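J.: Pasting start.pdb below, which is PDB, C-alpha atoms and all ligand atoms.
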```
ATOM      1  CA  MET A   1     -32.473-129.709  48.215
ATOM      2  CA  SER A   2     -31.476-128.272  44.856
ATOM      3  CA  SER A   3     -28.001-126.701  44.673
ATOM      4  CA  PRO A   4     -27.778-122.893  44.296
ATOM      5  CA  PRO A   5     -27.293-121.583  40.742
ATOM      6  CA  PRO A   6     -23.627-120.986  39.821
ATOM      7  CA  SER A   7     -22.367-117.498  40.569
ATOM      8  CA  LEU A   8     -21.357-115.022  37.875
ATOM      9  CA  ASP A   9     -17.695-115.571  38.830
ATOM     10  CA  ASP A  10     -18.059-119.368  38.492
ATOM     11  CA  LEU A  11     -19.676-118.996  35.080
ATOM     12  CA  ARG A  12     -16.980-116.598  33.879
ATOM     13  CA  ARG A  13     -14.305-119.019  35.043
ATOM     14  CA  GLU A  14     -16.013-121.676  32.950
ATOM     15  CA  ILE A  15     -16.040-119.310  29.940
ATOM     16  CA  ASP A  16     -12.287-118.713  30.392
ATOM     17  CA  GLU A  17     -11.684-122.479  30.403
ATOM     18  CA  ILE A  18     -13.784-122.917  27.266
ATOM     19  CA  ASP A  19     -11.959-120.045  25.536
ATOM     20  CA  ASP A  20      -8.597-121.644  26.369
ATOM     21  CA  LYS A  21      -9.769-124.908  24.831
ATOM     22  CA  ILE A  22     -11.058-123.202  21.674
ATOM     23  CA  HIS A  23      -7.824-121.204  21.381
ATOM     24  CA  ASP A  24      -5.663-124.333  21.902
ATOM     25  CA  LEU A  25      -7.611-126.125  19.173
ATOM     26  CA  ILE A  26      -7.305-123.212  16.741
ATOM     27  CA  MET A  27      -3.527-123.289  17.235
ATOM     28  CA  ARG A  28      -3.411-127.083  16.927
ATOM     29  CA  ARG A  29      -5.499-126.930  13.754
ATOM     30  CA  ALA A  30      -2.878-124.579  12.297
ATOM     31  CA  GLN A  31      -0.162-127.165  12.942
ATOM     32  CA  VAL A  32      -2.227-129.863  11.201
ATOM     33  CA  VAL A  33      -2.945-127.546   8.261
ATOM     34  CA  GLU A  34       0.813-126.892   7.882
ATOM     35  CA  LEU A  35       1.283-130.671   7.545
ATOM     36  CA  ILE A  36      -1.595-130.798   5.029
ATOM     37  CA  GLY A  37       0.218-128.118   3.025
ATOM     38  CA  ILE A  38       3.264-130.405   2.878
ATOM     39  CA  ALA A  39       1.180-133.546   2.142
ATOM     40  CA  LYS A  40      -0.631-131.795  -0.747
ATOM     41  CA  ARG A  41       2.556-131.087  -2.670
ATOM     42  CA  PRO A  42       3.417-131.618  -5.528
ATOM     43  CA  ASP A  43      -0.025-130.829  -6.967
ATOM     44  CA  ASN A  44      -0.142-127.999  -4.427
ATOM     45  CA  GLN A  45      -3.674-126.722  -4.877
ATOM     46  CA  ILE A  46      -4.084-124.772  -1.682
ATOM     47  CA  VAL A  47      -7.733-123.847  -2.048
ATOM     48  CA  ARG A  48     -10.039-126.884  -2.176
ATOM     49  CA  PRO A  49     -13.631-125.593  -2.287
ATOM     50  CA  GLY A  50     -15.099-129.120  -2.371
ATOM     51  CA  ARG A  51     -13.366-130.097   0.858
ATOM     52  CA  GLU A  52     -14.436-126.776   2.408
ATOM     53  CA  ALA A  53     -18.088-127.496   1.545
ATOM     54  CA  THR A  54     -17.831-131.012   2.998
ATOM     55  CA  ILE A  55     -16.448-129.631   6.283
ATOM     56  CA  LEU A  56     -19.266-127.086   6.577
ATOM     57  CA  ARG A  57     -22.002-129.568   5.690
ATOM     58  CA  ARG A  58     -20.715-132.001   8.321
ATOM     59  CA  LEU A  59     -20.770-129.275  10.986
ATOM     60  CA  ALA A  60     -24.236-128.104   9.889
ATOM     61  CA  ALA A  61     -25.563-131.663  10.268
ATOM     62  CA  ARG A  62     -24.380-131.886  13.898
ATOM     63  CA  HIS A  63     -25.314-128.312  14.862
ATOM     64  CA  THR A  64     -27.867-127.811  17.655
ATOM     65  CA  GLY A  65     -28.730-125.109  20.201
ATOM     66  CA  THR A  66     -29.270-121.373  20.137
ATOM     67  CA  PHE A  67     -26.054-120.271  18.430
ATOM     68  CA  PRO A  68     -27.070-119.504  14.787
ATOM     69  CA  LEU A  69     -25.701-121.875  12.147
ATOM     70  CA  PRO A  70     -24.904-119.037   9.661
ATOM     71  CA  VAL A  71     -22.582-117.571  12.296
ATOM     72  CA  VAL A  72     -20.863-120.957  12.795
ATOM     73  CA  VAL A  73     -20.329-121.030   9.032
ATOM     74  CA  ARG A  74     -18.991-117.447   9.061
ATOM     75  CA  LEU A  75     -16.479-118.345  11.802
ATOM     76  CA  TRP A  76     -15.333-121.405   9.885
ATOM     77  CA  ARG A  77     -15.100-119.484   6.647
ATOM     78  CA  GLU A  78     -12.795-116.990   8.368
ATOM     79  CA  MET A  79     -10.725-119.867   9.725
ATOM     80  CA  ILE A  80     -10.565-121.941   6.543
ATOM     81  CA  ALA A  81      -9.510-118.910   4.491
ATOM     82  CA  THR A  82      -6.815-118.087   7.016
ATOM     83  CA  TYR A  83      -5.658-121.707   7.151
ATOM     84  CA  SER A  84      -5.425-121.637   3.343
ATOM     85  CA  ARG A  85      -3.201-118.599   3.559
ATOM     86  CA  ILE A  86      -0.914-120.351   6.034
ATOM     87  CA  GLN A  87      -0.145-122.809   3.203
ATOM     88  CA  GLY A  88       0.831-120.176   0.652
ATOM     89  CA  PRO A  89       0.010-116.794  -0.847
ATOM     90  CA  MET A  90      -3.616-116.023  -1.665
ATOM     91  CA  ALA A  91      -5.417-113.033  -3.163
ATOM     92  CA  VAL A  92      -9.004-112.452  -4.250
ATOM     93  CA  ALA A  93     -10.245-110.189  -7.096
ATOM     94  CA  VAL A  94     -13.909-109.302  -6.579
ATOM     95  CA  TYR A  95     -16.309-107.831  -9.098
ATOM     96  CA  ALA A  96     -17.609-105.070  -6.821
ATOM     97  CA  PRO A  97     -18.192-101.765  -8.636
ATOM     98  CA  GLU A  98     -19.475 -98.811  -6.594
ATOM     99  CA  GLU A  99     -23.166 -99.746  -6.993
ATOM    100  CA  ARG A 100     -22.693-103.456  -6.245
ATOM    101  CA  ARG A 101     -20.797-103.516  -2.963
ATOM    102  CA  GLY A 102     -22.834-106.519  -1.764
ATOM    103  CA  PHE A 103     -20.405-108.727  -3.687
ATOM    104  CA  TRP A 104     -17.533-107.279  -1.647
ATOM    105  CA  ASP A 105     -19.390-108.140   1.563
ATOM    106  CA  VAL A 106     -20.217-111.739   0.619
ATOM    107  CA  SER A 107     -16.642-112.233  -0.631
ATOM    108  CA  ARG A 108     -15.185-110.894   2.612
ATOM    109  CA  ASP A 109     -17.453-113.199   4.604
ATOM    110  CA  HIS A 110     -16.346-116.139   2.460
ATOM    111  CA  TYR A 111     -12.618-115.430   2.151
ATOM    112  CA  GLY A 112     -12.124-113.691   5.480
ATOM    113  CA  GLY A 113     -10.692-110.413   6.627
ATOM    114  CA  SER A 114      -7.005-111.296   6.324
ATOM    115  CA  ILE A 115      -6.723-112.307   2.643
ATOM    116  CA  PRO A 116      -5.708-109.458   0.289
ATOM    117  CA  MET A 117      -8.842-108.541  -1.681
ATOM    118  CA  THR A 118      -9.131-106.139  -4.645
ATOM    119  CA  ALA A 119     -12.335-104.719  -6.148
ATOM    120  CA  VAL A 120     -12.513-104.758  -9.957
ATOM    121  CA  ASN A 121     -15.128-103.045 -12.102
ATOM    122  CA  THR A 122     -15.927-105.833 -14.568
ATOM    123  CA  PRO A 123     -16.272-109.620 -14.323
ATOM    124  CA  ALA A 124     -13.776-109.837 -17.230
ATOM    125  CA  ALA A 125     -11.162-108.075 -15.046
ATOM    126  CA  ALA A 126     -11.703-110.692 -12.299
ATOM    127  CA  ILE A 127     -11.233-113.466 -14.897
ATOM    128  CA  ARG A 128      -8.051-111.800 -16.194
ATOM    129  CA  ALA A 129      -6.649-111.455 -12.662
ATOM    130  CA  VAL A 130      -7.106-115.208 -12.074
ATOM    131  CA  ALA A 131      -5.791-116.180 -15.520
ATOM    132  CA  ASP A 132      -2.627-114.102 -15.135
ATOM    133  CA  GLY A 133      -2.037-115.232 -11.532
ATOM    134  CA  THR A 134      -2.548-111.813  -9.885
ATOM    135  CA  ALA A 135      -5.446-113.368  -7.947
ATOM    136  CA  THR A 136      -5.901-116.931  -6.677
ATOM    137  CA  VAL A 137      -9.672-116.568  -6.720
ATOM    138  CA  GLY A 138     -12.025-114.275  -8.640
ATOM    139  CA  VAL A 139     -15.596-113.484  -7.625
ATOM    140  CA  VAL A 140     -18.115-112.831 -10.416
ATOM    141  CA  PRO A 141     -21.895-112.380 -10.322
ATOM    142  CA  MET A 142     -24.214-115.343 -10.727
ATOM    143  CA  PRO A 143     -25.058-115.267 -14.476
ATOM    144  CA  GLU A 144     -28.029-113.050 -15.218
ATOM    145  CA  GLU A 145     -30.730-113.427 -17.857
ATOM    146  CA  ASP A 146     -30.382-110.081 -19.642
ATOM    147  CA  ASP A 147     -26.592-109.820 -19.644
ATOM    148  CA  HIS A 148     -25.400-108.287 -22.944
ATOM    149  CA  ASP A 149     -21.781-109.435 -22.465
ATOM    150  CA  PRO A 150     -21.886-112.523 -20.247
ATOM    151  CA  TRP A 151     -18.592-113.297 -18.489
ATOM    152  CA  TRP A 152     -19.124-117.053 -18.751
ATOM    153  CA  ARG A 153     -18.426-117.031 -22.483
ATOM    154  CA  TYR A 154     -14.752-116.274 -21.700
ATOM    155  CA  LEU A 155     -14.572-119.576 -19.798
ATOM    156  CA  MET A 156     -15.813-121.602 -22.801
ATOM    157  CA  ASN A 157     -12.300-122.632 -23.666
ATOM    158  CA  GLN A 158     -10.475-125.969 -23.378
ATOM    159  CA  ASP A 159      -7.132-124.315 -22.529
ATOM    160  CA  PRO A 160      -6.031-125.651 -19.099
ATOM    161  CA  LYS A 161      -5.063-122.075 -18.157
ATOM    162  CA  THR A 162      -8.724-121.031 -18.313
ATOM    163  CA  PRO A 163     -10.249-120.336 -14.880
ATOM    164  CA  ARG A 164     -13.109-122.596 -13.803
ATOM    165  CA  VAL A 165     -16.105-122.001 -11.554
ATOM    166  CA  VAL A 166     -15.299-123.693  -8.234
ATOM    167  CA  ALA A 167     -17.747-122.397  -5.617
ATOM    168  CA  SER A 168     -20.970-120.503  -5.047
ATOM    169  CA  LEU A 169     -21.214-117.659  -2.504
ATOM    170  CA  PRO A 170     -22.583-117.209   0.088
ATOM    171  CA  PHE A 171     -22.503-120.750   1.458
ATOM    172  CA  CYS A 172     -24.989-120.081   4.268
ATOM    173  CA  GLY A 173     -26.935-116.834   3.929
ATOM    174  CA  ARG A 174     -25.670-113.313   3.189
ATOM    175  CA  GLY A 175     -26.163-111.848   6.690
ATOM    176  CA  ASN A 176     -26.008-108.048   6.671
ATOM    177  CA  ALA A 177     -24.267-107.756   3.277
ATOM    178  CA  ARG A 178     -25.095-104.480   1.516
ATOM    179  CA  GLY A 179     -27.467-104.163  -1.454
ATOM    180  CA  ASP A 180     -29.601-106.751  -3.172
ATOM    181  CA  ASP A 181     -26.991-108.768  -5.011
ATOM    182  CA  ARG A 182     -27.841-112.226  -3.898
ATOM    183  CA  GLU A 183     -25.328-114.687  -5.221
ATOM    184  CA  ALA A 184     -21.888-114.860  -6.762
ATOM    185  CA  LEU A 185     -19.575-117.517  -8.140
ATOM    186  CA  ALA A 186     -15.900-118.050  -7.379
ATOM    187  CA  ILE A 187     -13.482-118.894 -10.185
ATOM    188  CA  ALA A 188      -9.938-120.239  -9.907
ATOM    189  CA  LEU A 189      -7.300-122.143 -11.880
ATOM    190  CA  ILE A 190      -8.337-125.445 -10.295
ATOM    191  CA  GLN A 191     -10.790-128.191 -11.140
ATOM    192  CA  HIS A 192     -14.281-128.366  -9.717
ATOM    193  CA  GLU A 193     -14.353-131.369  -7.320
ATOM    194  CA  ARG A 194     -17.166-133.804  -6.589
ATOM    195  CA  THR A 195     -18.747-133.478  -3.110
ATOM    196  CA  GLY A 196     -21.900-135.608  -3.399
ATOM    197  CA  ASP A 197     -24.311-132.681  -3.877
ATOM    198  CA  ASP A 198     -23.108-130.612  -6.795
ATOM    199  CA  ARG A 199     -24.098-128.407  -9.685
ATOM    200  CA  THR A 200     -22.204-128.125 -12.961
ATOM    201  CA  LEU A 201     -22.309-125.277 -15.469
ATOM    202  CA  LEU A 202     -22.235-126.421 -19.088
ATOM    203  CA  GLY A 203     -21.310-123.918 -21.778
ATOM    204  CA  ILE A 204     -22.984-124.994 -25.018
ATOM    205  CA  GLU A 205     -22.444-123.531 -28.493
ATOM    206  CA  LEU A 206     -24.876-124.290 -31.321
ATOM    207  CA  THR A 207     -24.748-123.568 -35.043
ATOM    208  CA  GLU A 208     -28.219-122.016 -35.042
ATOM    209  CA  ASP A 209     -30.938-120.792 -32.685
ATOM    210  CA  LYS A 210     -32.814-123.572 -30.930
ATOM    211  CA  SER A 211     -35.360-123.352 -28.156
ATOM    212  CA  ARG A 212     -34.351-124.017 -24.565
ATOM    213  CA  GLY A 213     -37.047-126.706 -24.595
ATOM    214  CA  ARG A 214     -35.097-128.595 -27.288
ATOM    215  CA  LEU A 215     -31.868-128.313 -25.287
ATOM    216  CA  LYS A 216     -33.589-129.374 -22.088
ATOM    217  CA  ASP A 217     -35.091-132.439 -23.783
ATOM    218  CA  ALA A 218     -31.728-133.478 -25.255
ATOM    219  CA  LEU A 219     -29.946-133.004 -21.909
ATOM    220  CA  GLU A 220     -32.603-134.820 -19.912
ATOM    221  CA  ALA A 221     -32.722-137.699 -22.440
ATOM    222  CA  ALA A 222     -28.957-138.028 -21.791
ATOM    223  CA  GLY A 223     -29.634-138.287 -18.028
ATOM    224  CA  LEU A 224     -28.815-134.687 -17.048
ATOM    225  CA  THR A 225     -31.324-132.781 -14.913
ATOM    226  CA  THR A 226     -31.438-129.098 -15.861
ATOM    227  CA  VAL A 227     -31.780-126.386 -13.200
ATOM    228  CA  SER A 228     -31.476-123.103 -15.123
ATOM    229  CA  PHE A 229     -30.623-121.644 -18.520
ATOM    230  CA  ARG A 230     -28.867-118.472 -19.635
ATOM    231  CA  SER A 231     -28.469-117.637 -23.316
ATOM    232  CA  TRP A 232     -26.471-115.278 -25.499
ATOM    233  CA  THR A 233     -27.007-114.727 -29.207
ATOM    234  CA  GLY A 234     -23.325-114.793 -30.210
ATOM    235  CA  ARG A 235     -24.163-112.432 -33.089
ATOM    236  CA  GLU A 236     -21.753-109.726 -31.846
ATOM    237  CA  THR A 237     -18.780-112.070 -32.340
ATOM    238  CA  GLY A 238     -19.919-113.894 -35.471
ATOM    239  CA  GLY A 239     -20.149-117.143 -33.450
ATOM    240  CA  GLY A 240     -23.152-119.373 -32.869
ATOM    241  CA  PRO A 241     -25.679-118.915 -30.068
ATOM    242  CA  LEU A 242     -24.326-119.785 -26.613
ATOM    243  CA  HIS A 243     -26.175-121.291 -23.684
ATOM    244  CA  LEU A 244     -25.103-121.763 -20.097
ATOM    245  CA  VAL A 245     -27.006-124.619 -18.486
ATOM    246  CA  GLU A 246     -26.824-125.436 -14.794
ATOM    247  CA  VAL A 247     -27.261-129.179 -14.259
ATOM    248  CA  ALA A 248     -27.940-130.910 -10.963
ATOM    249  CA  ASP A 249     -24.874-133.136 -10.650
ATOM    250  CA  PHE A 250     -21.111-133.272 -10.920
ATOM    251  CA  VAL A 251     -20.151-133.507 -14.609
ATOM    252  CA  ASP A 252     -16.670-133.361 -16.104
ATOM    253  CA  ALA A 253     -15.521-133.378 -19.739
ATOM    254  CA  LYS A 254     -15.202-137.195 -19.757
ATOM    255  CA  ASP A 255     -18.760-137.810 -18.523
ATOM    256  CA  ASN A 256     -20.636-140.264 -20.801
ATOM    257  CA  ARG A 257     -23.776-138.184 -20.485
ATOM    258  CA  LEU A 258     -22.111-135.402 -22.485
ATOM    259  CA  ALA A 259     -21.440-137.859 -25.339
ATOM    260  CA  ALA A 260     -25.096-138.963 -25.197
ATOM    261  CA  PHE A 261     -26.206-135.306 -25.254
ATOM    262  CA  ALA A 262     -23.973-134.660 -28.309
ATOM    263  CA  ALA A 263     -25.546-137.636 -30.084
ATOM    264  CA  ASN A 264     -29.039-136.342 -29.246
ATOM    265  CA  MET A 265     -28.225-132.890 -30.650
ATOM    266  CA  GLY A 266     -26.507-134.004 -33.867
ATOM    267  CA  ASP A 267     -24.809-131.500 -36.193
ATOM    268  CA  ILE A 268     -26.273-128.355 -34.631
ATOM    269  CA  LEU A 269     -24.067-128.810 -31.555
ATOM    270  CA  LEU A 270     -20.649-127.178 -31.978
ATOM    271  CA  ARG A 271     -19.258-127.807 -28.475
ATOM    272  CA  THR A 272     -20.121-128.447 -24.854
ATOM    273  CA  ILE A 273     -17.659-127.301 -22.208
ATOM    274  CA  PRO A 274     -18.145-127.833 -18.484
ATOM    275  CA  ILE A 275     -16.941-124.442 -17.213
ATOM    276  CA  GLY A 276     -16.874-125.702 -13.627
ATOM    277  CA  GLY A 277     -19.431-126.004 -10.896
ATOM    278  CA  PHE A 278     -20.007-125.804  -7.201
ATOM    279  CA  ALA A 279     -21.072-127.668  -4.097
ATOM    280  CA  VAL A 280     -24.725-126.821  -3.420
ATOM    281  CA  PRO A 281     -24.647-124.193  -0.639
ATOM    282  CA  LEU A 282     -26.418-124.730   2.671
ATOM    283  CA  SER A 283     -28.519-121.632   1.969
ATOM    284  CA  HIS A 284     -30.176-123.433  -0.969
ATOM    285  CA  ALA A 285     -31.501-126.066   1.433
ATOM    286  CA  ALA A 286     -32.542-123.315   3.875
ATOM    287  CA  ASP A 287     -34.357-121.398   1.079
ATOM    288  CA  ALA A 288     -36.204-124.580   0.153
ATOM    289  CA  ARG A 289     -37.373-124.880   3.784
ATOM    290  CA  LYS A 290     -38.258-121.128   3.759
ATOM    291  CA  ILE A 291     -36.052-120.452   6.804
TER     292      ILE A 291
HETATM  293  O1  LIG B 301      -7.918-130.083   3.450
HETATM  294  C1  LIG B 301      -7.152-129.309   2.856
HETATM  295  O2  LIG B 301      -6.746-129.540   1.695
HETATM  296  C2  LIG B 301      -6.686-128.075   3.509
HETATM  297  O3  LIG B 301      -5.873-127.352   2.942
HETATM  298  C3  LIG B 301      -7.224-127.666   4.824
HETATM  299  C4  LIG B 301      -8.363-126.667   4.699
HETATM  300  C5  LIG B 301      -8.946-126.469   6.143
HETATM  301  O4  LIG B 301      -8.635-125.468   6.774
HETATM  302  O5  LIG B 301      -9.629-127.393   6.606
HETATM  303  C6  LIG B 301      -7.840-125.363   4.170
HETATM  304  C7  LIG B 301      -7.956-125.019   2.848
HETATM  305  C8  LIG B 301      -8.659-125.845   1.857
HETATM  306  O6  LIG B 301      -9.373-125.074   0.958
HETATM  307  C9  LIG B 301      -9.503-126.881   2.483
HETATM  308  C10 LIG B 301      -9.419-127.194   3.802
END
```
Would you write the structure of this file as structure tokens?
Ligand SMILES: O=C(O)C(=O)C[C@]1(C(=O)O)C=C[C@@H](O)C=C1
T.:
Amino acid sequence: MSSPPPSLDDLRREIDEIDDKIHDLIMRRAQVVELIGIAKRPDNQIVRPGREATILRRLAARHTGTFPLPVVVRLWREMIATYSRIQGPMAVAVYAPEERRGFWDVSRDHYGGSIPMTAVNTPAAAIRAVADGTATVGVVPMPEEDDHDPWWRYLMNQDPKTPRVVASLPFCGRGNARGDDREALAIALIQHERTGDDRTLLGIELTEDKSRGRLKDALEAAGLTTVSFRSWTGRETGGGPLHLVEVADFVDAKDNRLAAFAANMGDILLRTIPIGGFAVPLSHAADARKI
């Protein structure tokens, strides 16, 4: 004889037990994070986007059942942001003018509801807020093709006080975020860290106009796979043409492939600056599977 199905009261008791366990673990995680905050000193970089991506990828790989993965990621994003704030002060400056409130929504999903967040009207204002320490993180739009004053050119600077791109938002779908703005990048005064599946943004200045095909060939001959290109004439400032190339790997300034690229380009290359990068978001994999 099969046993009768559990009663509503039994099931609710089980839910209460589960909730207690989840709550206990959230509180225990806070204690461990406090110790992490102590262990991380003296370099004291509270926000570690690479580690955050690794945590979320590991959970995504073990996820099964009917509870949607993007919601798991949203819960963890709320937690991770809050656990960051336990370690020290945090503030986010988001490029979110009136007509582009979608960036506010994706930033709030990523950095949670408890971190102080300010909307600014230009990407340059978000960069300034990070550079002067008013914000720990800035959120700027994914570079666009027809941008007449691209924000990324302000990051083409070797000064260690220049913010770097450190993450791409959203990490797992934009849910019910307003508007059509699809993707944004986070910048901070920290280094982009290797996670095993990364993209790097290379800012490249040339002495004269060259086709993207030429740049692509020189990068690929140096062993760098190109994903996308953005260009800016540089005429307005009297400088040379600038290109922002997304490459499919982790690359830092010491990478031998940049030296090989410089050799391939010869005298027309003025400088190449990795302006940061990001762990490939889970939504990229989902888009590729057309989920
Ligand atoms: O691992 C760390 O360095 C932490 O500070 C912990 C933690 C987390 O909650 O897991 C919090 C903030 C960091 O951005 C990354 C991860």
J.: Dump as a Markdown table the rows for residues of stretch 172-276 of chain A within 12 Å of stretch 107-127 of chain A: closest atom pair and distance in Å with one decimal, all atoms listed in the file counted, ordered by chain and rising residue number.
T.:
```
| residue | atom | partner | partner_atom | distance |
| --- | --- | --- | --- | --- |
| A:Cys172 | CA | A:His110 | CA | 9.7 |
| A:Gly173 | CA | A:Asp109 | CA | 10.2 |
| A:Arg174 | CA | A:Asp109 | CA | 8.3 |
| A:Gly175 | CA | A:Asp109 | CA | 9.1 |
| A:Asn176 | CA | A:Asp109 | CA | 10.2 |
| A:Ala177 | CA | A:Asp109 | CA | 8.8 |
| A:Arg178 | CA | A:Ser107 | CA | 11.7 |
| A:Asp181 | CA | A:Ser107 | CA | 11.8 |
| A:Arg182 | CA | A:Ser107 | CA | 11.7 |
| A:Glu183 | CA | A:Ser107 | CA | 10.1 |
| A:Ala184 | CA | A:Ser107 | CA | 8.5 |
| A:Leu185 | CA | A:Ser107 | CA | 9.6 |
| A:Ala186 | CA | A:Ser107 | CA | 8.9 |
| A:Ile187 | CA | A:Ile127 | CA | 7.5 |
| A:Ala188 | CA | A:Ile127 | CA | 8.5 |
| A:Leu189 | CA | A:Ile127 | CA | 10.0 |
```
J.: Please check which protein, DNA or RNA residues sit within 10 Å of ligand LIG 301 (chain B), counting all atoms listed in the file, and write them as a count of residues only.
T.: 36
J.: So, with all atoms listed in the file as the atoms that count, which of A:Asp217, A:Thr207, A:Ala253, A:Thr272 lies closest to A:Pro241?
T.: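 Checking each candidate against A:Pro241, we get A:Thr207 as the closest.
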J.: My list of candidates is A:Arg41, A:Lys210, A:Pro89, A:Glu220. Which is closest to A:Thr134 when distances are computed with all atoms listed in the file?
T.: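 Of all the options, A:Pro89 lies closest to A:Thr134.
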J.: Restricting the calculation to all atoms listed in the file, which member of A:Leu215, A:Gly203, A:Gly234, A:Leu224 is positioned closest to A:Ile268?
T.: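 Closest candidate: A:Leu215.
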J.: List the residues selected by the PyMOL selection byres (((chain A and resi 279) around 7) and not hetatm) in the file shown, writing them as a list in words.
T.: Gly50, Ala53, Ala167, Thr195, Asp197, Asp198, Arg199, Phe278, Val280 and Pro281 of chain A
J.: Could those selected residues go to a file with C-alpha atoms, as a PDB file, in the frame of the given file?
T.:
```
ATOM      1  CA  GLY A  50     -15.099-129.120  -2.371  1.00  0.00           C
ATOM      2  CA  ALA A  53     -18.088-127.496   1.545  1.00  0.00           C
ATOM      3  CA  ALA A 167     -17.747-122.397  -5.617  1.00  0.00           C
ATOM      4  CA  THR A 195     -18.747-133.478  -3.110  1.00  0.00           C
ATOM      5  CA  ASP A 197     -24.311-132.681  -3.877  1.00  0.00           C
ATOM      6  CA  ASP A 198     -23.108-130.612  -6.795  1.00  0.00           C
ATOM      7  CA  ARG A 199     -24.098-128.407  -9.685  1.00  0.00           C
ATOM      8  CA  PHE A 278     -20.007-125.804  -7.201  1.00  0.00           C
ATOM      9  CA  VAL A 280     -24.725-126.821  -3.420  1.00  0.00           C
ATOM     10  CA  PRO A 281     -24.647-124.193  -0.639  1.00  0.00           C
TER      11      PRO A 281
END
```
J.: Mind giving me the straight-line distance from atom CA of A:His192 to atom CA of A:Val165 in Å, one decimal?
T.: 6.9 Å
J.: One number please: atom CA of A:Ala218 to atom CA of A:Phe261, in Å, one decimal.
T.: 5.8 Å
J.: So what does the PyMOL selection byres (((chain A and resi 228) around 10) and not hetatm) actually pick up in this one, as a tab-separated table (two decimals) with C-alpha atoms, keeping the file's coordinate frame?
T.:
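Produced file part_5.tsv, reproduced below:
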```tsv
chain	number	residue	atom	x	y	z
A	201	LEU	CA	-22.31	-125.28	-15.47
A	212	ARG	CA	-34.35	-124.02	-24.56
A	216	LYS	CA	-33.59	-129.37	-22.09
A	225	THR	CA	-31.32	-132.78	-14.91
A	226	THR	CA	-31.44	-129.10	-15.86
A	227	VAL	CA	-31.78	-126.39	-13.20
A	229	PHE	CA	-30.62	-121.64	-18.52
A	230	ARG	CA	-28.87	-118.47	-19.64
A	244	LEU	CA	-25.10	-121.76	-20.10
A	245	VAL	CA	-27.01	-124.62	-18.49
A	246	GLU	CA	-26.82	-125.44	-14.79
A	247	VAL	CA	-27.26	-129.18	-14.26
A	248	ALA	CA	-27.94	-130.91	-10.96
```
J.: Dig up all the protein and nucleic acid residues within 8 Å of (-25.3, -114.8, -24.7) in the file frame, using all atoms listed in the file, and format them as a ChimeraX atom specification.
T.: /A:147-150,153,230-234,241-243
J.: To one decimal in Å, tell me the separation between atom CA of A:Leu206 and atom CA of A:Arg271.
T.: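 It comes out at 7.2 Å.
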